[in-house]
Amino acid sequence: MIVKNETTPTIKELVERAGLRHIAFIMDGNGRWATSRLLPREAGHKAGAEVFRKIVRYCKDIGIKCCTVYAFSTENWNRPKTEVEAIMKLLEKYAAEADGEKEISFHFIGDKAPLADAMREKLENLERNTAGRPYILNIALNYGGRAEIVNAVNTLIEAGKTEITESDISAVLYTNHCPDPDLVVRTGKELRISNFLLWQSAYAEYYFSEKMWPELTEGDIDEAVRSFAGRKRRWGGLDEA
Ligand code: IPE
Ligand code: IPE
Ligand code: MG
């Protein structure tokens, strides 16, 4: 029997104490999860979409105000057409049903221009209909960190700027409505960032999981939060004496 010690903080308390305001996920490993089960890669994306719903709700329940998920990168267009279409269909389906997530404000970060008109409309409707809700969910779709920075610089040039500061850039990034990520979690065993939130992650903490994304559980989020809460973020300074 596990007896809860009075002094053991709950995960919610740890989130609060550690100042975990923004968690970001590189949801990797759907394809390998499926092929290792002799299933088509698309089945992995379908399972991944279910886990994504569950994890987003859990992050909200433990009090994390902002969550970002990497759903489709600017480089993922290099995949077979059938796989790209399957991922887009899942995202469209999610967007069509997502209104029901009553406390979440949806933001699609990335370049929506190349998306089909009907899909873009659905995403923009969802953004409009959910604006101002207390929890933020950023879904990175056709997102690339480099493309985002280039887009930001071009926006500043168009506005007539000839000299720019760091805050000028931050102010025109896709994520200008939320703080920088405190914790970036990547599943799927790869130890890289794959063009995700390059500017915003300057001082993020990283947590890598060996699990494939469809295997991720609420308990794994608890582990990541505990790991984060036990770290010292020095921001280039020194530990306080
Ligand atoms: C999902 O994982 C992430 C997306 C690009 C949609 P993958 O599809 O990259 O799965 P693996 O890495 O091939 O296993
Ligand atoms: C990163 O995963 C992109 C998403 C999770 C959407 P990838 O599978 O595309 O990354 P690489 O190709 O292994 O770096
Ligand atoms: Mg991958």
# chains A, B, ... in the order shown; residues from 1 in each chain; ligands from 1
>>> residues_around(residues="A:Leu126", least_positions_apart="4", cutoff="7 Å", atoms="only C-alpha atoms", output="compact mmCIF listing (two decimals) with C-alpha atoms, in the first residue's frame")
# COMPACT_ATOMS: atom_id res chain seq x y z
CA ALA A 95 -10.78 20.67 -35.49
CA ASP A 99 -15.25 23.18 -30.03
CA PHE A 106 -7.12 27.05 -30.19
CA LYS A 122 -12.41 25.15 -40.39
CA THR A 130 -12.67 29.69 -28.99
>>> residues_near_ligand(ligand="ligand 2", cutoff="8 Å", atoms="only C-alpha atoms and all ligand atoms", output="list in words")
Phe25, Ile26, Met27, Asp28, Gly29, Tyr70, Ala71, Phe72, Ser73, Glu75, Asn76, Ala140, Leu141, Glu190, Arg192, Ile193, Ser194, Asn195 and Phe196 of chain A
>>> atom_distance(atom1="atom CA of A:Arg233", atom2="atom CA of A:Ser201")
13.0 Å
>>> closest_residue(among="A:Ala24, A:Ala116, A:Leu173, A:Gly188", to="A:Val153", atoms="only C-alpha atoms")
A:Leu173
>>> atom_distance(atom1="atom CA of A:Cys178", atom2="atom CA of A:Lys46")
28.4 Å
>>> closest_residue(among="A:Cys67, A:Ala204, A:Ile169, A:Ala34", to="ligand 1", atoms="only C-alpha atoms and all ligand atoms")
A:Ala34
>>> residues_around(residues="A:Val150", least_positions_apart="5", cutoff="12 Å", atoms="only C-alpha atoms", output="list in words")
Gly110, Asp111, Gly144, Gly145, Thr155, Leu156, Ile157, Ile169, Val172, Leu173, Tyr174, Leu198 and Trp199 of chain A
>>> write_last_selection(atoms="C-alpha atoms", output="PDB file, in the first residue's frame")
ATOM      1  CA  GLY A 110       2.504  27.735 -38.984  1.00  0.00           C
ATOM      2  CA  ASP A 111       1.716  28.760 -42.553  1.00  0.00           C
ATOM      3  CA  GLY A 144       9.006  25.202 -39.225  1.00  0.00           C
ATOM      4  CA  GLY A 145      11.116  27.219 -36.799  1.00  0.00           C
ATOM      5  CA  THR A 155       6.784  41.158 -41.417  1.00  0.00           C
ATOM      6  CA  LEU A 156       9.094  43.666 -39.724  1.00  0.00           C
ATOM      7  CA  ILE A 157      10.589  44.764 -43.053  1.00  0.00           C
ATOM      8  CA  ILE A 169      10.979  39.443 -33.348  1.00  0.00           C
ATOM      9  CA  VAL A 172       5.644  38.843 -34.569  1.00  0.00           C
ATOM     10  CA  LEU A 173       6.228  35.123 -34.056  1.00  0.00           C
ATOM     11  CA  TYR A 174       3.233  32.759 -34.302  1.00  0.00           C
ATOM     12  CA  LEU A 198      13.840  27.416 -32.479  1.00  0.00           C
ATOM     13  CA  TRP A 199      13.622  30.978 -31.218  1.00  0.00           C
TER      14      TRP A 199
END
>>> residues_around(residues="stretch 212-229 of chain A", least_positions_apart="2", cutoff="9 Å", atoms="only C-alpha atoms", output="VMD selection string")
chain A and resid 11 14 to 15 17 to 20 26 to 33 44 to 52 54 to 55 58 to 59 182 to 183 185 to 189 205 to 210 231 to 232
>>> residues_around(residues="stretch 131-135 of chain A", least_positions_apart="2", cutoff="7 Å", atoms="only C-alpha atoms", output="JSON, numbers by chain")
{"A": [60, 65, 66, 103, 104, 105, 127, 128, 129, 137]}
>>> closest_residue(among="A:Thr74, A:Thr7, A:Thr175, A:Gln200", to="ligand 1", atoms="only C-alpha atoms and all ligand atoms")
A:Thr74
>>> select_by_dssp(residues="stretch 18-197 of chain A", states="helix (DSSP H, G or I)", output="JSON, numbers by chain")
{"A": [30, 31, 32, 33, 34, 35, 41, 42, 43, 44, 45, 46, 47, 48, 49, 50, 51, 52, 53, 54, 55, 56, 57, 58, 59, 60, 61, 76, 77, 78, 81, 82, 83, 84, 85, 86, 87, 88, 89, 90, 91, 92, 93, 94, 95, 96, 97, 98, 99, 100, 117, 118, 119, 120, 121, 122, 123, 124, 125, 126, 127, 128, 129, 145, 146, 147, 148, 149, 150, 151, 152, 153, 154, 155, 156, 157, 158, 166, 167, 168, 169, 170, 171]}
>>> atom_distance(atom1="atom CA of A:Tyr143", atom2="atom CA of A:Val184")
15.8 Å
>>> select_by_dssp(residues="stretch 12-237 of chain A", states="strand (DSSP E or B)", output="NGL selection string")
:A and (22-26 or 66-73 or 104-109 or 135-143 or 183-186 or 205-208)
>>> closest_residue(among="A:Ala152, A:Ala118, A:Leu191, A:Ala96", to="ligand 1", atoms="only C-alpha atoms and all ligand atoms")
A:Leu191
>>> closest_residue(among="A:Gly100, A:Pro114, A:Gly63, A:Pro80", to="ligand 1", atoms="only C-alpha atoms and all ligand atoms")
A:Pro80
>>> closest_residue(among="A:Glu85, A:Arg79, A:Ile23, A:Lys93", to="ligand 3", atoms="only C-alpha atoms and all ligand atoms")
A:Arg79
